[in-house]
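*Asks:* What follows is the file final.txt, containing compact mmCIF, C-alpha atoms:
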# COMPACT_ATOMS: atom_id res chain seq x y z
CA MET X 1 -15.03 229.56 133.95
CA GLN X 2 -11.69 228.72 135.56
CA LYS X 3 -12.79 230.51 138.74
CA TYR X 4 -16.12 228.70 138.70
CA THR X 5 -14.52 225.27 138.35
CA ASN X 6 -12.36 225.96 141.39
CA LEU X 7 -15.26 226.93 143.68
CA ILE X 8 -15.95 223.31 144.63
CA SER X 9 -13.43 220.48 144.52
CA GLU X 10 -13.99 217.70 142.02
CA LYS X 11 -14.12 215.12 144.80
CA LYS X 12 -17.00 216.96 146.46
CA LEU X 13 -18.78 217.25 143.13
CA ALA X 14 -18.34 213.52 142.55
CA LEU X 15 -19.70 212.67 146.00
CA VAL X 16 -22.71 214.94 145.47
CA SER X 17 -23.44 213.35 142.09
CA ILE X 18 -23.18 209.83 143.52
CA PHE X 19 -25.58 210.77 146.31
CA LEU X 20 -27.96 212.38 143.82
CA LEU X 21 -27.98 209.28 141.60
CA CYS X 22 -28.54 206.89 144.50
CA VAL X 23 -31.36 208.95 145.98
CA SER X 24 -33.07 209.17 142.58
CA VAL X 25 -32.80 205.44 141.82
CA ILE X 26 -33.87 204.03 145.20
CA PRO X 27 -37.58 204.91 144.72
CA LEU X 28 -37.52 203.23 141.30
CA LEU X 29 -36.19 200.05 142.86
CA ILE X 30 -38.73 200.16 145.70
CA LEU X 31 -41.55 200.42 143.16
CA GLY X 32 -40.39 197.07 141.83
CA ARG X 33 -42.23 195.43 144.75
CA TYR X 34 -45.49 196.37 143.03
CA ASN X 35 -44.44 195.23 139.57
CA VAL X 36 -46.57 192.76 137.61
CA MET X 37 -46.13 190.49 134.61
CA SER X 38 -47.39 191.85 131.31
CA ALA X 39 -48.05 190.78 127.72
CA ASP X 40 -45.19 188.64 126.34
CA ASP X 41 -43.90 187.92 129.84
CA TYR X 42 -46.48 185.13 129.92
CA SER X 43 -46.24 183.61 126.45
CA TYR X 44 -42.46 183.58 126.05
CA GLY X 45 -41.77 181.69 129.26
CA ILE X 46 -44.79 179.48 129.84
CA GLY X 47 -42.78 176.36 128.94
CA VAL X 48 -40.02 177.33 131.36
CA HIS X 49 -42.61 177.93 134.09
CA ASP X 50 -44.23 174.53 133.54
CA THR X 51 -40.84 172.80 133.56
CA TRP X 52 -39.81 174.55 136.75
CA VAL X 53 -43.07 173.65 138.50
CA GLU X 54 -42.85 170.02 137.41
CA THR X 55 -39.16 169.36 138.02
CA GLY X 56 -37.73 172.19 140.13
CA SER X 57 -34.57 171.83 138.01
CA LEU X 58 -32.85 174.98 136.77
CA LEU X 59 -30.96 172.97 134.16
CA GLN X 60 -34.16 171.60 132.66
CA ALA X 61 -35.69 175.07 132.75
CA VAL X 62 -32.72 176.35 130.73
CA GLN X 63 -33.17 173.49 128.27
CA SER X 64 -36.82 174.46 127.91
CA ALA X 65 -35.79 178.07 127.19
CA ILE X 66 -33.37 176.85 124.51
CA ALA X 67 -36.12 174.74 122.92
CA HIS X 68 -38.46 177.73 122.92
CA THR X 69 -35.78 179.92 121.32
CA LYS X 70 -35.26 177.32 118.57
CA GLU X 71 -38.98 177.08 117.93
CA PHE X 72 -39.34 180.88 117.68
CA TYR X 73 -36.30 181.06 115.39
CA TYR X 74 -38.19 179.08 112.79
CA SER X 75 -41.67 180.45 113.43
CA TRP X 76 -41.47 184.08 114.58
CA GLN X 77 -38.13 185.89 115.05
CA GLY X 78 -34.39 185.33 114.84
CA THR X 79 -33.30 187.33 117.89
CA TYR X 80 -31.93 184.26 119.66
CA THR X 81 -30.30 186.09 122.59
CA SER X 82 -33.39 188.14 123.38
CA CYS X 83 -35.71 185.13 122.97
CA PHE X 84 -33.68 183.01 125.36
CA LEU X 85 -33.45 185.74 128.00
CA MET X 86 -37.13 186.62 127.64
CA SER X 87 -38.01 182.95 128.17
CA MET X 88 -36.09 183.06 131.45
CA CYS X 89 -38.39 185.66 133.03
CA PRO X 90 -37.70 185.68 136.81
CA MET X 91 -41.40 185.57 137.61
CA HIS X 92 -41.71 182.10 136.08
CA PHE X 93 -39.60 180.86 138.97
CA GLY X 94 -41.80 182.61 141.53
CA ILE X 95 -44.24 185.49 141.17
CA LYS X 96 -42.61 187.29 144.10
CA ASN X 97 -39.48 187.75 141.99
CA VAL X 98 -41.04 190.79 140.28
CA PHE X 99 -38.79 193.13 142.31
CA VAL X 100 -35.76 191.65 140.52
CA VAL X 101 -36.72 193.16 137.15
CA PRO X 102 -35.85 196.83 137.89
CA VAL X 103 -32.74 195.68 139.74
CA ILE X 104 -31.54 193.86 136.61
CA MET X 105 -32.42 196.62 134.16
CA ILE X 106 -31.18 199.59 136.19
CA GLY X 107 -28.11 197.68 137.37
CA MET X 108 -27.02 196.39 133.96
CA PHE X 109 -27.71 199.57 132.03
CA SER X 110 -26.16 201.85 134.66
CA SER X 111 -23.00 199.76 134.99
CA SER X 112 -22.49 199.38 131.23
CA THR X 113 -23.15 203.07 130.59
CA TYR X 114 -20.84 204.07 133.42
CA LEU X 115 -17.98 201.95 132.03
CA LEU X 116 -18.51 203.37 128.55
CA ILE X 117 -18.49 206.91 129.93
CA ARG X 118 -15.17 206.12 131.60
CA GLN X 119 -13.75 205.03 128.26
CA ILE X 120 -14.94 208.15 126.49
CA PHE X 121 -13.93 210.75 129.05
CA VAL X 122 -10.74 209.14 130.40
CA ARG X 123 -9.33 207.06 127.55
CA TRP X 124 -10.44 209.11 124.56
CA PHE X 125 -10.60 212.62 126.05
CA GLY X 126 -7.86 212.28 128.65
CA GLY X 127 -9.90 213.38 131.67
CA ASN X 128 -9.15 212.29 135.23
CA LYS X 129 -11.07 209.61 137.12
CA ILE X 130 -12.88 212.04 139.41
CA SER X 131 -14.24 214.02 136.46
CA TYR X 132 -15.79 211.01 134.76
CA ILE X 133 -17.49 209.94 138.01
CA TYR X 134 -19.22 213.30 138.16
CA ILE X 135 -20.18 213.24 134.47
CA GLY X 136 -21.31 209.62 134.63
CA CYS X 137 -23.53 210.04 137.67
CA LEU X 138 -25.13 213.19 136.24
CA LEU X 139 -25.86 211.42 132.96
CA LEU X 140 -27.41 208.41 134.67
CA PHE X 141 -29.40 210.61 137.04
CA LEU X 142 -30.74 212.52 134.06
CA TYR X 143 -31.59 209.39 132.11
CA TRP X 144 -33.55 207.61 134.83
CA GLN X 145 -35.51 210.77 135.62
CA VAL X 146 -36.62 211.64 132.08
CA LEU X 147 -36.82 208.16 130.55
CA ASP X 148 -39.27 208.22 127.63
CA GLY X 149 -41.00 204.97 128.64
CA PRO X 150 -40.16 203.99 132.23
CA ALA X 151 -42.70 201.16 132.32
CA ASP X 152 -41.18 199.58 129.20
CA GLY X 153 -37.60 200.34 130.17
CA ILE X 154 -37.56 199.40 133.85
CA TYR X 155 -40.51 197.18 134.82
CA TRP X 156 -41.72 195.28 131.74
CA TYR X 157 -39.31 192.37 131.66
CA ASN X 158 -39.63 191.34 128.01
CA GLY X 159 -39.66 194.87 126.61
CA ALA X 160 -36.71 195.97 128.72
CA THR X 161 -34.76 192.78 128.01
CA HIS X 162 -35.09 193.16 124.26
CA TYR X 163 -33.82 196.78 124.27
CA ILE X 164 -32.36 198.01 127.57
CA LEU X 165 -30.53 194.77 128.33
CA MET X 166 -29.28 194.28 124.77
CA GLN X 167 -28.10 197.90 124.68
CA SER X 168 -26.21 197.17 127.90
CA PHE X 169 -24.45 194.26 126.19
CA LEU X 170 -23.50 196.60 123.34
CA PHE X 171 -22.05 199.18 125.75
CA PHE X 172 -20.03 196.43 127.45
CA MET X 173 -18.72 195.28 124.06
CA ILE X 174 -17.74 198.79 122.91
CA THR X 175 -15.98 199.31 126.24
CA ALA X 176 -14.02 196.08 125.76
CA VAL X 177 -13.05 196.97 122.19
CA SER X 178 -11.95 200.42 123.35
CA ASP X 179 -9.75 198.76 125.97
CA ILE X 180 -8.20 196.69 123.20
CA ILE X 181 -7.17 199.86 121.41
CA TRP X 182 -5.79 201.67 124.43
CA THR X 183 -4.10 198.93 126.42
CA GLU X 184 -0.30 198.67 126.23
CA TYR X 185 -0.12 194.95 126.96
CA ARG X 186 -0.73 192.19 124.43
CA TRP X 187 -2.22 189.80 126.98
CA LYS X 188 -4.80 192.42 127.91
CA SER X 189 -5.66 192.89 124.23
CA ILE X 190 -6.23 189.15 123.91
CA THR X 191 -8.35 189.06 127.08
CA TRP X 192 -10.53 191.96 125.99
CA CYS X 193 -10.76 190.47 122.50
CA ILE X 194 -12.20 187.22 123.91
CA ILE X 195 -14.68 189.10 126.10
CA ALA X 196 -15.76 191.37 123.25
CA SER X 197 -16.12 188.42 120.85
CA VAL X 198 -18.42 186.49 123.19
CA ASP X 199 -20.38 189.66 123.84
CA GLY X 200 -20.54 190.26 120.09
CA LEU X 201 -22.31 186.93 119.58
CA LEU X 202 -24.85 187.98 122.21
CA VAL X 203 -25.42 191.43 120.69
CA GLY X 204 -25.80 189.84 117.24
CA GLY X 205 -28.82 187.96 118.56
CA GLY X 206 -30.58 191.09 119.81
CA ASN X 207 -32.81 193.75 118.31
CA LEU X 208 -32.00 195.37 114.96
CA VAL X 209 -31.65 198.90 116.37
CA THR X 210 -28.83 197.83 118.66
CA GLY X 211 -27.42 195.64 115.89
CA LEU X 212 -27.16 198.55 113.47
CA GLN X 213 -25.40 200.64 116.13
CA ALA X 214 -22.94 197.82 116.71
CA GLN X 215 -22.05 197.64 113.01
CA ILE X 216 -21.41 201.37 112.80
CA LEU X 217 -19.41 201.70 116.02
CA LEU X 218 -17.33 198.55 115.54
CA PHE X 219 -16.48 199.56 111.99
CA LEU X 220 -15.38 203.03 113.13
CA LEU X 221 -13.24 201.55 115.91
CA LEU X 222 -11.68 199.13 113.43
CA MET X 223 -10.83 201.98 111.05
CA TYR X 224 -9.31 203.99 113.89
CA SER X 225 -7.20 201.08 115.12
CA PHE X 226 -6.03 200.30 111.57
CA LEU X 227 -5.02 203.90 110.89
CA LYS X 228 -3.62 204.86 114.30
CA ILE X 229 -2.62 201.71 116.19
CA ARG X 230 -2.31 199.02 113.54
CA LYS X 231 -1.03 196.34 115.91
CA THR X 232 -4.45 196.25 117.64
CA ALA X 233 -6.50 196.04 114.43
CA VAL X 234 -6.72 192.24 114.36
CA TYR X 235 -7.98 192.17 117.95
CA VAL X 236 -10.71 194.65 116.99
CA LEU X 237 -11.56 192.77 113.81
CA ILE X 238 -12.29 189.47 115.59
CA PRO X 239 -15.18 190.84 117.74
CA LEU X 240 -16.58 192.54 114.64
CA VAL X 241 -16.55 189.22 112.77
CA CYS X 242 -18.15 187.40 115.71
CA PHE X 243 -20.87 190.02 115.90
CA MET X 244 -21.51 189.86 112.15
CA VAL X 245 -21.82 186.05 112.29
CA GLY X 246 -24.39 186.32 115.06
CA PHE X 247 -26.21 189.16 113.31
CA LEU X 248 -26.40 187.22 110.03
CA VAL X 249 -27.80 184.20 111.87
CA ASN X 250 -30.36 186.57 113.40
CA ILE X 251 -31.59 188.19 110.19
CA ALA X 252 -31.51 184.91 108.21
CA ALA X 253 -34.04 183.26 110.54
CA PRO X 254 -37.03 181.68 108.73
CA GLY X 255 -39.26 183.16 111.41
CA ASN X 256 -38.48 186.69 110.23
CA VAL X 257 -40.16 185.95 106.92
CA ALA X 258 -43.24 184.58 108.65
CA ARG X 259 -43.42 187.58 110.97
CA SER X 260 -43.04 190.10 108.14
CA GLY X 261 -46.18 188.66 106.58
CA VAL X 262 -48.32 189.82 109.50
CA SER X 263 -46.49 193.08 110.30
CA SER X 264 -47.23 196.53 108.94
CA GLU X 265 -45.47 197.33 105.69
CA GLY X 266 -42.50 199.67 106.08
CA TYR X 267 -40.90 202.24 103.80
CA SER X 268 -38.21 201.58 101.22
CA ALA X 269 -34.58 201.69 102.37
CA PHE X 270 -33.99 205.12 100.80
CA VAL X 271 -37.11 206.70 102.28
CA SER X 272 -36.38 205.14 105.67
CA ILE X 273 -32.91 206.68 105.74
CA ILE X 274 -34.15 210.14 104.75
CA ALA X 275 -37.03 210.00 107.23
CA SER X 276 -34.62 208.93 109.97
CA PHE X 277 -32.90 212.32 109.90
CA TYR X 278 -36.24 214.09 110.21
CA TYR X 279 -37.33 212.02 113.19
CA ALA X 280 -33.91 212.37 114.80
CA ALA X 281 -34.28 216.15 114.72
CA VAL X 282 -37.84 215.96 116.05
CA TYR X 283 -37.00 213.69 118.98
CA VAL X 284 -33.78 215.51 119.86
CA GLY X 285 -35.89 218.64 120.28
CA ARG X 286 -38.47 216.71 122.28
CA TRP X 287 -35.86 215.17 124.58
CA THR X 288 -34.05 218.46 125.22
CA SER X 289 -36.22 219.61 128.11
CA ILE X 290 -35.51 222.26 130.72
CA MET X 291 -34.26 219.59 133.11
CA VAL X 292 -31.86 218.27 130.47
CA VAL X 293 -30.49 221.76 129.89
CA LEU X 294 -30.02 222.34 133.62
CA VAL X 295 -28.16 219.05 134.16
CA TRP X 296 -26.06 219.72 131.07
CA ALA X 297 -25.23 223.19 132.43
CA ALA X 298 -24.20 221.65 135.75
CA ALA X 299 -21.73 219.45 133.85
CA VAL X 300 -20.34 222.25 131.65
CA PRO X 301 -17.57 223.43 134.04
CA VAL X 302 -16.19 219.89 134.41
CA MET X 303 -16.51 219.17 130.69
CA TRP X 304 -14.70 222.45 130.01
CA LYS X 305 -11.90 221.45 132.36
CA ILE X 306 -11.58 218.02 130.73
CA GLY X 307 -11.33 219.62 127.30
CA ARG X 308 -8.89 222.30 128.44
CA GLU X 309 -6.53 219.97 130.28
CA ALA X 310 -6.69 217.04 127.84
CA ARG X 311 -3.48 215.98 126.15
CA ARG X 312 -5.45 214.94 123.12
CA LYS X 313 -6.15 216.49 119.76
CA PHE X 314 -9.71 217.49 118.90
CA PRO X 315 -9.27 218.26 115.21
CA TYR X 316 -12.67 217.62 113.64
CA PRO X 317 -15.52 218.98 115.84
CA VAL X 318 -17.93 219.55 112.95
CA LEU X 319 -17.34 216.08 111.53
CA VAL X 320 -17.73 214.48 114.97
CA THR X 321 -20.99 216.40 115.54
CA LEU X 322 -22.45 215.40 112.17
CA GLY X 323 -21.34 211.80 112.64
CA SER X 324 -22.94 211.66 116.08
CA PHE X 325 -26.22 212.96 114.70
CA CYS X 326 -26.06 210.34 111.93
CA LEU X 327 -25.66 207.64 114.60
CA ILE X 328 -28.80 208.87 116.38
CA ALA X 329 -30.69 209.03 113.08
CA ALA X 330 -29.60 205.49 112.19
CA MET X 331 -31.37 204.19 115.29
CA PHE X 332 -34.72 205.25 113.79
CA THR X 333 -34.09 203.51 110.46
CA PRO X 334 -34.89 199.85 111.34
CA SER X 335 -38.38 200.71 112.64
CA LEU X 336 -39.19 202.83 109.60
CA TYR X 337 -37.97 200.13 107.25
CA ALA X 338 -39.74 197.28 109.06
CA ILE X 339 -43.09 198.77 110.08
CA GLY X 340 -43.12 202.32 108.72
CA GLN X 341 -43.37 204.12 112.05
CA VAL X 342 -41.41 205.32 115.07
CA GLY X 343 -42.31 206.22 118.63
CA GLN X 344 -42.37 202.86 120.41
CA GLU X 345 -41.32 203.76 123.93
CA ARG X 346 -39.17 200.68 124.48
CA ILE X 347 -37.10 201.68 121.43
CA ASN X 348 -37.10 205.38 122.29
CA ASN X 349 -35.52 204.55 125.63
CA ILE X 350 -32.21 203.44 124.14
CA ILE X 351 -32.15 206.16 121.48
CA GLN X 352 -32.72 208.76 124.19
CA MET X 353 -29.75 207.55 126.24
CA VAL X 354 -27.47 207.50 123.21
CA TYR X 355 -28.53 211.10 122.52
CA TYR X 356 -27.63 212.25 126.05
CA LEU X 357 -24.33 210.39 125.88
CA VAL X 358 -23.61 212.04 122.54
CA LEU X 359 -24.65 215.47 123.87
CA PHE X 360 -22.18 215.37 126.75
CA SER X 361 -19.41 213.81 124.66
CA VAL X 362 -19.71 216.23 121.74
CA THR X 363 -19.86 219.19 124.12
CA THR X 364 -16.58 218.09 125.70
CA TYR X 365 -15.05 217.56 122.26
CA TRP X 366 -15.96 221.10 121.24
CA PHE X 367 -14.48 222.47 124.46
CA GLY X 368 -11.30 220.53 123.75
CA TRP X 369 -11.14 221.99 120.26
CA LEU X 370 -11.86 225.54 121.44
CA THR X 371 -9.32 225.53 124.27
CA HIS X 372 -6.60 224.06 122.07
CA LYS X 373 -6.95 226.72 119.40
CA LYS X 374 -4.29 229.41 119.24
CA LYS X 375 -6.81 232.15 118.55
CA MET X 376 -9.55 232.31 121.15
CA THR X 377 -10.82 235.86 120.80
CA ILE X 378 -14.35 234.72 119.94
CA LEU X 379 -14.48 232.53 123.03
CA GLU X 380 -13.07 235.30 125.22
CA ASN X 381 -15.68 237.74 123.95
CA LEU X 382 -18.42 235.19 124.55
CA PHE X 383 -17.50 234.69 128.21
CA GLU X 384 -16.92 238.41 128.64
CA LYS X 385 -20.44 239.01 127.36
CA TYR X 386 -21.87 236.51 129.85
CA SER X 387 -19.84 238.09 132.59
CA ASN X 388 -21.26 241.53 131.82
CA VAL X 389 -24.82 240.20 131.65
CA LEU X 390 -24.52 238.48 135.01
CA GLY X 391 -22.69 241.41 136.57
CA THR X 392 -20.21 239.11 138.29
CA GLY X 393 -16.63 238.07 137.89
CA MET X 394 -17.61 234.43 137.54
CA TYR X 395 -16.03 234.12 134.13
CA SER X 396 -13.11 236.48 134.52
CA GLY X 397 -10.75 233.58 135.12
CA ILE X 398 -11.04 232.66 131.44
CA HIS X 399 -8.49 235.34 130.59
CA SER X 400 -5.84 233.94 132.91
CA SER X 401 -6.31 230.43 131.53
CA VAL X 402 -6.00 231.74 127.94
CA ASP X 403 -2.86 233.69 128.83
CA ILE X 404 -1.31 230.59 130.43
CA TYR X 405 -2.12 228.57 127.33
CA ARG X 406 -0.67 231.18 124.98
CA GLY X 407 2.42 231.53 127.17
With the file now loaded, output its structure as structure tokens.
*Replies:*
Amino acid sequence: MQKYTNLISEKKLALVSIFLLCVSVIPLLILGRYNVMSADDYSYGIGVHDTWVETGSLLQAVQSAIAHTKEFYYSWQGTYTSCFLMSMCPMHFGIKNVFVVPVIMIGMFSSSTYLLIRQIFVRWFGGNKISYIYIGCLLLFLYWQVLDGPADGIYWYNGATHYILMQSFLFFMITAVSDIIWTEYRWKSITWCIIASVDGLLVGGGNLVTGLQAQILLFLLLMYSFLKIRKTAVYVLIPLVCFMVGFLVNIAAPGNVARSGVSSEGYSAFVSIIASFYYAAVYVGRWTSIMVVLVWAAAVPVMWKIGREARRKFPYPVLVTLGSFCLIAAMFTPSLYAIGQVGQERINNIIQMVYYLVLFSVTTYWFGWLTHKKKMTILENLFEKYSNVLGTGMYSGIHSSVDIYRG
């Protein structure tokens, strides 16, 4: 493995991955020229469209969107952030603006995911900046090529706004909270705290799948900061409180009661939780295609190097793996509880990306744990077996790296 990782420099790998991502995304953006409005794109923003046509004032259009959000809060749903953004559909300001939709969705989700990947692989795992560029570009390339529902996730403005865009806000918030924990300067902690708190209010007004993720991840980060870096705990607590305030406003909306009366009846809380683990296993198998395995394999040497060279402890790989699977399963729970079913493509899109992010992260964590163990005979035998099967010396370098570590 050591020999394999040295065949091509990390800078070249990073450049290749950047090129691969750009080439794969450009056709998706070009297709935006042929995009059309669909379903709720019309009804959510008709008032904004009429206001814009009559007045040509952006300020009055925003006021119309706020009025629409307030009306829906009492009559249909409490997701105030999503409702406002969905009312501001770009096509209501000109039908030719359809090309903007994939630019917004791909741009926001890619940038937020990329920043979160940097936090995970540099801050938490101790990898270098070149390594995370390679991992990040591979992950994003994979995601945009095997997206469960590309129409809902890239081109349908309302569907993508409610899930892809809100998930982007969550990734930005988790990145900011992570920066709070790792920064050495108090003024930076305060700055990131303010950013994360504002973002938390936005995420609190989004969909329930993203909201449940936010509760779990923010709570875990708060526990970590309290146990490990207590001086940052208050700066992590404030965004959590802001998010919870927004989320409570969301779920307490009178419109939710009205909407539940016309929606399909869901399962009980207990059954929903149990069923979530079943569906998580089913969809993980479905989303682990040959292409996913190949891209994952292409990232293995770099993930191995990150784990081997990290000056971090990786003490609980089994617990981290089980916890990560629980996070994926939790994303199926709101749909089962609310309507008794899963499989909506716009929801699957965000669960799928979290799965791939977890897959790469957990793999690196396991490599970190394996390479930091004192006894590595099982690992040596494994690579020796692969080396014999392939008939090459590709993996012979593992012995030298183990000897250096033991020395």
*Asks:* Around the point (-24.9, 195.1, 122.0) in the file's coordinates, collect all residues with an atom within 8 Å, using all atoms listed in the file, and return them as a PyMOL selection string.
*Replies:* chain X and resi 166-173+199-200+202-204+206+210-211+214
*Asks:* Hey, can you check how far atom CA of Ile251 of chain X sits from atom CA of Gly343 of chain X?
*Replies:*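 One can read the atom CA of Ile251 of chain X to atom CA of Gly343 of chain X distance as 22.6 Å.
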*Asks:* I need the residue nearest Val98 of chain X from this list: X:Ala298, X:Ile154, X:Leu208, X:Val293. Use only C-alpha atoms for the distance.
*Replies:*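 Under the stated criterion, the closest residue is X:Ile154.
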*Asks:* If you count only C-alpha atoms, which residues fall within 8 Å of segment 327-340 of chain X, apart from same-chain ones fewer than 6 positions away, as number ranges by chain?
*Replies:* X: 208-210, 212-213, 216, 260, 263-269, 272-273, 275-277, 279-280, 351, 354-355
*Asks:* At a cut-off of 10 Å, using all atoms listed in the file, what residues contact Val358 of chain X? Leave out same-chain residues fewer than 4 positions from it and give the result as an MDAnalysis selection string.
*Replies:* chainID X and resid 320:321 324:325 327:328 352:354 362:364
*Asks:* Please rebuild segment 312-330 of chain X with N, CA, C and O atoms and give the result as a PDB file, in the frame of the given file.
*Replies:*
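Okay, this is what ended up in result_10.pdb:
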ATOM      1  N   ARG X 312      -4.928 215.588 124.316  1.00  0.00           N
ATOM      2  CA  ARG X 312      -5.450 214.940 123.120  1.00  0.00           C
ATOM      3  C   ARG X 312      -5.695 216.005 122.060  1.00  0.00           C
ATOM      4  O   ARG X 312      -5.798 217.193 122.358  1.00  0.00           O
ATOM      5  N   LYS X 313      -5.793 215.577 120.834  1.00  0.00           N
ATOM      6  CA  LYS X 313      -6.150 216.490 119.760  1.00  0.00           C
ATOM      7  C   LYS X 313      -7.643 216.350 119.467  1.00  0.00           C
ATOM      8  O   LYS X 313      -8.195 215.263 119.493  1.00  0.00           O
ATOM      9  N   PHE X 314      -8.268 217.474 119.218  1.00  0.00           N
ATOM     10  CA  PHE X 314      -9.710 217.490 118.900  1.00  0.00           C
ATOM     11  C   PHE X 314      -9.864 218.196 117.550  1.00  0.00           C
ATOM     12  O   PHE X 314     -10.398 219.313 117.475  1.00  0.00           O
ATOM     13  N   PRO X 315      -9.428 217.541 116.476  1.00  0.00           N
ATOM     14  CA  PRO X 315      -9.270 218.260 115.210  1.00  0.00           C
ATOM     15  C   PRO X 315     -10.530 218.432 114.362  1.00  0.00           C
ATOM     16  O   PRO X 315     -10.583 219.318 113.525  1.00  0.00           O
ATOM     17  N   TYR X 316     -11.542 217.604 114.568  1.00  0.00           N
ATOM     18  CA  TYR X 316     -12.670 217.620 113.640  1.00  0.00           C
ATOM     19  C   TYR X 316     -14.009 217.750 114.378  1.00  0.00           C
ATOM     20  O   TYR X 316     -14.845 216.828 114.344  1.00  0.00           O
ATOM     21  N   PRO X 317     -14.276 218.860 115.055  1.00  0.00           N
ATOM     22  CA  PRO X 317     -15.520 218.980 115.840  1.00  0.00           C
ATOM     23  C   PRO X 317     -16.782 218.934 114.992  1.00  0.00           C
ATOM     24  O   PRO X 317     -17.779 218.336 115.398  1.00  0.00           O
ATOM     25  N   VAL X 318     -16.747 219.552 113.812  1.00  0.00           N
ATOM     26  CA  VAL X 318     -17.930 219.550 112.950  1.00  0.00           C
ATOM     27  C   VAL X 318     -18.219 218.136 112.455  1.00  0.00           C
ATOM     28  O   VAL X 318     -19.370 217.671 112.473  1.00  0.00           O
ATOM     29  N   LEU X 319     -17.171 217.441 112.025  1.00  0.00           N
ATOM     30  CA  LEU X 319     -17.340 216.080 111.530  1.00  0.00           C
ATOM     31  C   LEU X 319     -17.838 215.149 112.626  1.00  0.00           C
ATOM     32  O   LEU X 319     -18.720 214.307 112.396  1.00  0.00           O
ATOM     33  N   VAL X 320     -17.299 215.306 113.840  1.00  0.00           N
ATOM     34  CA  VAL X 320     -17.730 214.480 114.970  1.00  0.00           C
ATOM     35  C   VAL X 320     -19.204 214.756 115.302  1.00  0.00           C
ATOM     36  O   VAL X 320     -19.981 213.839 115.584  1.00  0.00           O
ATOM     37  N   THR X 321     -19.597 216.025 115.257  1.00  0.00           N
ATOM     38  CA  THR X 321     -20.990 216.400 115.540  1.00  0.00           C
ATOM     39  C   THR X 321     -21.940 215.805 114.511  1.00  0.00           C
ATOM     40  O   THR X 321     -22.977 215.217 114.860  1.00  0.00           O
ATOM     41  N   LEU X 322     -21.596 215.951 113.234  1.00  0.00           N
ATOM     42  CA  LEU X 322     -22.450 215.400 112.170  1.00  0.00           C
ATOM     43  C   LEU X 322     -22.502 213.884 112.252  1.00  0.00           C
ATOM     44  O   LEU X 322     -23.567 213.275 112.081  1.00  0.00           O
ATOM     45  N   GLY X 323     -21.365 213.248 112.524  1.00  0.00           N
ATOM     46  CA  GLY X 323     -21.340 211.800 112.640  1.00  0.00           C
ATOM     47  C   GLY X 323     -22.181 211.304 113.805  1.00  0.00           C
ATOM     48  O   GLY X 323     -22.866 210.276 113.699  1.00  0.00           O
ATOM     49  N   SER X 324     -22.144 212.035 114.911  1.00  0.00           N
ATOM     50  CA  SER X 324     -22.940 211.660 116.080  1.00  0.00           C
ATOM     51  C   SER X 324     -24.428 211.770 115.791  1.00  0.00           C
ATOM     52  O   SER X 324     -25.224 210.909 116.197  1.00  0.00           O
ATOM     53  N   PHE X 325     -24.807 212.812 115.062  1.00  0.00           N
ATOM     54  CA  PHE X 325     -26.220 212.960 114.700  1.00  0.00           C
ATOM     55  C   PHE X 325     -26.646 211.840 113.756  1.00  0.00           C
ATOM     56  O   PHE X 325     -27.772 211.326 113.851  1.00  0.00           O
ATOM     57  N   CYS X 326     -25.754 211.451 112.844  1.00  0.00           N
ATOM     58  CA  CYS X 326     -26.060 210.340 111.930  1.00  0.00           C
ATOM     59  C   CYS X 326     -26.272 209.042 112.710  1.00  0.00           C
ATOM     60  O   CYS X 326     -27.125 208.227 112.350  1.00  0.00           O
ATOM     61  N   LEU X 327     -25.493 208.839 113.776  1.00  0.00           N
ATOM     62  CA  LEU X 327     -25.660 207.640 114.600  1.00  0.00           C
ATOM     63  C   LEU X 327     -27.041 207.625 115.251  1.00  0.00           C
ATOM     64  O   LEU X 327     -27.721 206.594 115.271  1.00  0.00           O
ATOM     65  N   ILE X 328     -27.462 208.770 115.774  1.00  0.00           N
ATOM     66  CA  ILE X 328     -28.800 208.870 116.380  1.00  0.00           C
ATOM     67  C   ILE X 328     -29.871 208.604 115.328  1.00  0.00           C
ATOM     68  O   ILE X 328     -30.835 207.862 115.562  1.00  0.00           O
ATOM     69  N   ALA X 329     -29.705 209.214 114.150  1.00  0.00           N
ATOM     70  CA  ALA X 329     -30.690 209.030 113.080  1.00  0.00           C
ATOM     71  C   ALA X 329     -30.771 207.568 112.657  1.00  0.00           C
ATOM     72  O   ALA X 329     -31.863 207.046 112.376  1.00  0.00           O
ATOM     73  N   ALA X 330     -29.620 206.887 112.621  1.00  0.00           N
ATOM     74  CA  ALA X 330     -29.600 205.490 112.190  1.00  0.00           C
ATOM     75  C   ALA X 330     -30.434 204.600 113.105  1.00  0.00           C
ATOM     76  O   ALA X 330     -30.943 203.559 112.670  1.00  0.00           O
TER      77      ALA X 330
END
